[in-house]
Amino acid sequence: MKNKPIIIGVTGGSGSGKTSVSRAIYNRFPDHSIMMLEHDSYYKDQSGISFEERLKTNYDHPFAFDTDLLIEHLKELTHYQSVEVPIYDYVAHTRSEEVYVQAPKEVIILEGILILEDERLRDMMDIKIYVDTDDDIRIIRRINRDMNERGRTLESVIGQYLSVVKPMYHQFIEPTKRYADIIVPEGGENHVAIDLIATKVASFLNHD
């Protein structure tokens with residue numbers, strides 16, 4: 001009988017380094033059955049509203065996510081069933097018609113800014129990680145990313161950060177820190193924390 005897959009939740013504010021932490025854990029287990037799943041893939045389908053309305057979407061609010069579908073998929077994955085993960089189209093601001101098939105794995109790394117906000121999700125996780133990075137570093141990383149990768153202007157990035165990202169962080173994301181088993185300062189550069197997490201994951205994997 002196969003053991004139930006373990007679910008590792010990795011959260012933190014935008015630009016905190018949660019993706020770096022997730023990849024660092026992932027890369028520690030090259031010979032194991034391991035996968036990464038992003039909460040961002042589960043933004044709600046907005047095809048039923050106009051493009052102008054879609055532009056007003058607050059992507060940092062819990063209501064932006066189809067968390068029910070994510071929970072359903074996690075349940076299927078923990079029963080070793082494949083799922084069809086949605087693909088979000090950030091240009092059209094709605095869910096793409098494309099999906100990708102995710103096969104079940106022994107270790108599921110679930111990453112997202114609001115994964116600890118929903119009690120049902122929290123209860124499914126074996127390890128809950130909060131990546132805690134200074135606000136100044138996070139806004140600088142966000143500016144670099146959005147200008148270089150998403151073609152945004154400096155003014156638009158700062159405007160969105162001050163009007164949406166920062167208030168949502170303090171209202172919804174930072175309060176979930178209290179649910180974390182492990183708080184990792186400074187993200188993927190914290191090699192001691194990554195070592196400790198990897199040891200814990202290994203103990204799960206080696207447990208009969």
# chains A, B, ... in the order shown; residues from 1 in each chain; ligands from 1

$ select_by_dssp --residues "stretch 72-165 of chain A" --states "strand (DSSP E or B)" --output "list in words"
Val83, Glu84, Val85, Pro86, Ile87, Tyr88, Asp89, Thr94, Arg95, Ser96, Glu97, Glu98, Val99, Tyr100, Val101, Gln102, Val107, Ile108, Ile109, Leu110, Glu111, Ile127, Lys128, Ile129, Tyr130, Val131 and Asp132 of chain A

$ residues_around --residues "A:Tyr26" --least-positions-apart "6" --cutoff "8 Å" --atoms "only C-alpha atoms" --output "list in words"
Ile34, Met35, Met36 and Ile109 of chain A

$ write_last_selection --atoms "C-alpha atoms" --output "PDB file, in the first residue's frame"
ATOM      1  CA  ILE A  34       7.831  15.258  -6.554  1.00  0.00           C
ATOM      2  CA  MET A  35       5.751  18.009  -8.164  1.00  0.00           C
ATOM      3  CA  MET A  36       4.979  21.717  -7.840  1.00  0.00           C
ATOM      4  CA  ILE A 109       4.717  21.428  -3.191  1.00  0.00           C
TER       5      ILE A 109
END

$ residues_around --residues "stretch 152-162 of chain A" --least-positions-apart "6" --cutoff "12 Å" --atoms "only C-alpha atoms" --output "PDB file with N, CA and C atoms, in the first residue's frame"
ATOM      1  N   GLY A  13       4.416  36.912   0.865  1.00  0.00           N
ATOM      2  CA  GLY A  13       3.970  37.994  -0.008  1.00  0.00           C
ATOM      3  C   GLY A  13       4.595  37.928  -1.389  1.00  0.00           C
ATOM      4  N   SER A  14       4.057  38.722  -2.296  1.00  0.00           N
ATOM      5  CA  SER A  14       4.609  38.810  -3.644  1.00  0.00           C
ATOM      6  C   SER A  14       6.049  39.308  -3.580  1.00  0.00           C
ATOM      7  N   GLY A  15       6.967  38.552  -4.203  1.00  0.00           N
ATOM      8  CA  GLY A  15       8.380  38.934  -4.180  1.00  0.00           C
ATOM      9  C   GLY A  15       9.122  38.478  -2.945  1.00  0.00           C
ATOM     10  N   LYS A  56     -10.454  44.976 -13.637  1.00  0.00           N
ATOM     11  CA  LYS A  56     -10.629  45.456 -12.264  1.00  0.00           C
ATOM     12  C   LYS A  56     -10.367  44.352 -11.234  1.00  0.00           C
ATOM     13  N   THR A  57     -10.066  43.154 -11.705  1.00  0.00           N
ATOM     14  CA  THR A  57      -9.868  42.022 -10.794  1.00  0.00           C
ATOM     15  C   THR A  57      -8.749  42.293  -9.797  1.00  0.00           C
ATOM     16  N   ASN A  58      -9.019  42.040  -8.542  1.00  0.00           N
ATOM     17  CA  ASN A  58      -8.012  42.136  -7.485  1.00  0.00           C
ATOM     18  C   ASN A  58      -7.429  40.733  -7.286  1.00  0.00           C
ATOM     19  N   TYR A  59      -6.253  40.497  -7.883  1.00  0.00           N
ATOM     20  CA  TYR A  59      -5.646  39.164  -7.858  1.00  0.00           C
ATOM     21  C   TYR A  59      -5.023  38.811  -6.505  1.00  0.00           C
ATOM     22  N   ASP A  60      -5.044  39.758  -5.576  1.00  0.00           N
ATOM     23  CA  ASP A  60      -4.463  39.512  -4.253  1.00  0.00           C
ATOM     24  C   ASP A  60      -5.542  39.267  -3.201  1.00  0.00           C
ATOM     25  N   ASP A 135       9.500  44.241   3.378  1.00  0.00           N
ATOM     26  CA  ASP A 135       8.663  44.912   2.370  1.00  0.00           C
ATOM     27  C   ASP A 135       9.493  45.598   1.287  1.00  0.00           C
ATOM     28  N   ASP A 136      10.598  46.243   1.688  1.00  0.00           N
ATOM     29  CA  ASP A 136      11.428  46.977   0.715  1.00  0.00           C
ATOM     30  C   ASP A 136      12.008  46.033  -0.332  1.00  0.00           C
ATOM     31  N   ARG A 138      10.797  43.111  -1.195  1.00  0.00           N
ATOM     32  CA  ARG A 138       9.716  42.556  -2.014  1.00  0.00           C
ATOM     33  C   ARG A 138       9.259  43.517  -3.106  1.00  0.00           C
ATOM     34  N   ILE A 139       9.152  44.824  -2.795  1.00  0.00           N
ATOM     35  CA  ILE A 139       8.714  45.779  -3.823  1.00  0.00           C
ATOM     36  C   ILE A 139       9.789  45.934  -4.899  1.00  0.00           C
ATOM     37  N   ILE A 140      11.067  45.900  -4.503  1.00  0.00           N
ATOM     38  CA  ILE A 140      12.156  46.002  -5.504  1.00  0.00           C
ATOM     39  C   ILE A 140      12.128  44.798  -6.440  1.00  0.00           C
ATOM     40  N   ARG A 141      11.947  43.611  -5.859  1.00  0.00           N
ATOM     41  CA  ARG A 141      11.864  42.393  -6.688  1.00  0.00           C
ATOM     42  C   ARG A 141      10.659  42.455  -7.626  1.00  0.00           C
ATOM     43  N   ARG A 142       9.543  42.968  -7.117  1.00  0.00           N
ATOM     44  CA  ARG A 142       8.329  43.046  -7.930  1.00  0.00           C
ATOM     45  C   ARG A 142       8.511  44.026  -9.088  1.00  0.00           C
ATOM     46  N   ILE A 143       9.156  45.166  -8.802  1.00  0.00           N
ATOM     47  CA  ILE A 143       9.422  46.155  -9.864  1.00  0.00           C
ATOM     48  C   ILE A 143      10.290  45.527 -10.947  1.00  0.00           C
ATOM     49  N   ASN A 144      11.370  44.873 -10.530  1.00  0.00           N
ATOM     50  CA  ASN A 144      12.267  44.226 -11.510  1.00  0.00           C
ATOM     51  C   ASN A 144      11.530  43.196 -12.349  1.00  0.00           C
ATOM     52  N   ARG A 145      10.749  42.361 -11.683  1.00  0.00           N
ATOM     53  CA  ARG A 145      10.040  41.288 -12.399  1.00  0.00           C
ATOM     54  C   ARG A 145       9.012  41.859 -13.376  1.00  0.00           C
ATOM     55  N   ASP A 146       8.159  42.760 -12.880  1.00  0.00           N
ATOM     56  CA  ASP A 146       7.065  43.251 -13.718  1.00  0.00           C
ATOM     57  C   ASP A 146       7.547  44.110 -14.878  1.00  0.00           C
ATOM     58  N   MET A 168      -3.591  44.400   0.591  1.00  0.00           N
ATOM     59  CA  MET A 168      -4.038  42.999   0.609  1.00  0.00           C
ATOM     60  C   MET A 168      -3.054  42.127   1.390  1.00  0.00           C
ATOM     61  N   TYR A 169      -1.762  42.451   1.259  1.00  0.00           N
ATOM     62  CA  TYR A 169      -0.733  41.700   1.994  1.00  0.00           C
ATOM     63  C   TYR A 169      -0.991  41.815   3.495  1.00  0.00           C
ATOM     64  N   HIS A 170      -1.220  43.044   3.964  1.00  0.00           N
ATOM     65  CA  HIS A 170      -1.415  43.247   5.398  1.00  0.00           C
ATOM     66  C   HIS A 170      -2.771  42.737   5.880  1.00  0.00           C
TER      67      HIS A 170
END

$ select_by_dssp --residues "stretch 13-206 of chain A" --states "alpha helix (DSSP H)" --output "ChimeraX atom specification"
/A:18-27,51-54,67-78,119-124,135-149,154-160,166-168,191-205

$ residues_around --residues "stretch 74-88 of chain A" --least-positions-apart "6" --cutoff "7 Å" --atoms "only C-alpha atoms" --output "number ranges by chain"
A: 4-5, 41-43, 94-96, 98-104

$ write_last_selection --atoms "C-alpha atoms" --output "mmCIF file, in the first residue's frame"
data_model
loop_
_atom_site.group_PDB
_atom_site.id
_atom_site.type_symbol
_atom_site.label_atom_id
_atom_site.label_comp_id
_atom_site.auth_asym_id
_atom_site.auth_seq_id
_atom_site.Cartn_x
_atom_site.Cartn_y
_atom_site.Cartn_z
ATOM 1 C CA LYS A 4 -0.509 9.098 1.127
ATOM 2 C CA PRO A 5 1.384 11.877 -0.699
ATOM 3 C CA SER A 41 -3.224 28.400 -11.805
ATOM 4 C CA TYR A 42 -6.584 28.431 -10.044
ATOM 5 C CA TYR A 43 -7.630 32.031 -10.641
ATOM 6 C CA THR A 94 -9.301 34.847 -17.712
ATOM 7 C CA ARG A 95 -8.747 31.111 -17.723
ATOM 8 C CA SER A 96 -7.354 29.689 -20.942
ATOM 9 C CA GLU A 98 -5.909 24.901 -22.336
ATOM 10 C CA VAL A 99 -5.137 22.684 -19.343
ATOM 11 C CA TYR A 100 -2.180 20.509 -18.458
ATOM 12 C CA VAL A 101 -2.396 17.005 -17.047
ATOM 13 C CA GLN A 102 -0.616 16.611 -13.718
ATOM 14 C CA ALA A 103 0.219 13.058 -12.716
ATOM 15 C CA PRO A 104 0.162 12.222 -8.981
#

$ closest_residue --among "A:Asn190, A:Ser163, A:Gln171, A:Ser203" --to "A:Leu114" --atoms "only C-alpha atoms"
A:Gln171

$ residues_around --residues "A:Val21" --least-positions-apart "4" --cutoff "9 Å" --atoms "only C-alpha atoms" --output "PyMOL selection string"
chain A and resi 10+17+25-26+131+184+187-190+194

$ closest_residue --among "A:Leu121, A:Ile182, A:Ala198, A:Ile6" --to "A:Glu72" --atoms "only C-alpha atoms"
A:Leu121

$ closest_residue --among "A:Ile8, A:Leu55, A:Ile137, A:Ala202" --to "A:Tyr90" --atoms "only C-alpha atoms"
A:Leu55

$ closest_residue --among "A:Lys18, A:Ile173, A:His73, A:Glu97" --to "A:Met124" --atoms "only C-alpha atoms"
A:His73

$ atom_distance --atom1 "atom CA of A:Ile183" --atom2 "atom CA of A:Ile108"
18.9 Å

$ residues_around --residues "A:Gly12" --least-positions-apart "4" --cutoff "6 Å" --atoms "only C-alpha atoms" --output "ChimeraX atom specification"
/A:16,113,130-131

$ write_last_selection --atoms "C-alpha atoms" --output "PDB file, in the first residue's frame"
ATOM      1  CA  SER A  16       9.133  37.172  -0.884  1.00  0.00           C
ATOM      2  CA  ILE A 113       0.208  33.950  -1.583  1.00  0.00           C
ATOM      3  CA  TYR A 130       5.875  31.092   5.392  1.00  0.00           C
ATOM      4  CA  VAL A 131       8.626  32.976   3.563  1.00  0.00           C
TER       5      VAL A 131
END

$ atom_distance --atom1 "atom CA of A:Thr67" --atom2 "atom CA of A:Leu110"
12.3 Å

$ residues_around --residues "A:Ile115" --least-positions-apart "3" --cutoff "8 Å" --atoms "only C-alpha atoms" --output "list of chain:residue names"
A:Gly9, A:Val10, A:Thr11, A:His39, A:Leu110, A:Glu111, A:Gly112, A:Asp118, A:Leu121, A:Arg122

$ write_last_selection --atoms "N, CA and C atoms" --output "mmCIF file, in the first residue's frame"
data_model
loop_
_atom_site.group_PDB
_atom_site.id
_atom_site.type_symbol
_atom_site.label_atom_id
_atom_site.label_comp_id
_atom_site.auth_asym_id
_atom_site.auth_seq_id
_atom_site.Cartn_x
_atom_site.Cartn_y
_atom_site.Cartn_z
ATOM 1 N N GLY A 9 3.045 23.261 1.911
ATOM 2 C CA GLY A 9 2.545 24.576 1.504
ATOM 3 C C GLY A 9 3.635 25.620 1.676
ATOM 4 N N VAL A 10 3.861 26.421 0.637
ATOM 5 C CA VAL A 10 4.865 27.495 0.697
ATOM 6 C C VAL A 10 4.171 28.807 0.351
ATOM 7 N N THR A 11 4.160 29.736 1.314
ATOM 8 C CA THR A 11 3.482 31.007 1.090
ATOM 9 C C THR A 11 4.358 32.181 1.513
ATOM 10 N N HIS A 39 -1.072 27.985 -6.760
ATOM 11 C CA HIS A 39 -2.425 28.491 -6.524
ATOM 12 C C HIS A 39 -2.837 29.434 -7.658
ATOM 13 N N LEU A 110 2.877 22.941 -2.825
ATOM 14 C CA LEU A 110 1.812 23.873 -3.197
ATOM 15 C C LEU A 110 2.267 25.288 -2.846
ATOM 16 N N GLU A 111 2.293 26.153 -3.853
ATOM 17 C CA GLU A 111 2.817 27.498 -3.650
ATOM 18 C C GLU A 111 1.756 28.546 -3.977
ATOM 19 N N GLY A 112 1.704 29.614 -3.173
ATOM 20 C CA GLY A 112 0.776 30.695 -3.456
ATOM 21 C C GLY A 112 0.682 31.679 -2.304
ATOM 22 N N ASP A 118 -7.129 29.728 3.699
ATOM 23 C CA ASP A 118 -8.292 28.842 3.728
ATOM 24 C C ASP A 118 -8.030 27.654 4.661
ATOM 25 N N LEU A 121 -7.622 24.168 3.140
ATOM 26 C CA LEU A 121 -6.308 23.921 2.529
ATOM 27 C C LEU A 121 -5.262 23.655 3.603
ATOM 28 N N ARG A 122 -5.280 24.486 4.642
ATOM 29 C CA ARG A 122 -4.299 24.314 5.726
ATOM 30 C C ARG A 122 -4.361 22.905 6.298
#

$ atom_distance --atom1 "atom CA of A:Leu69" --atom2 "atom CA of A:Glu52"
25.4 Å
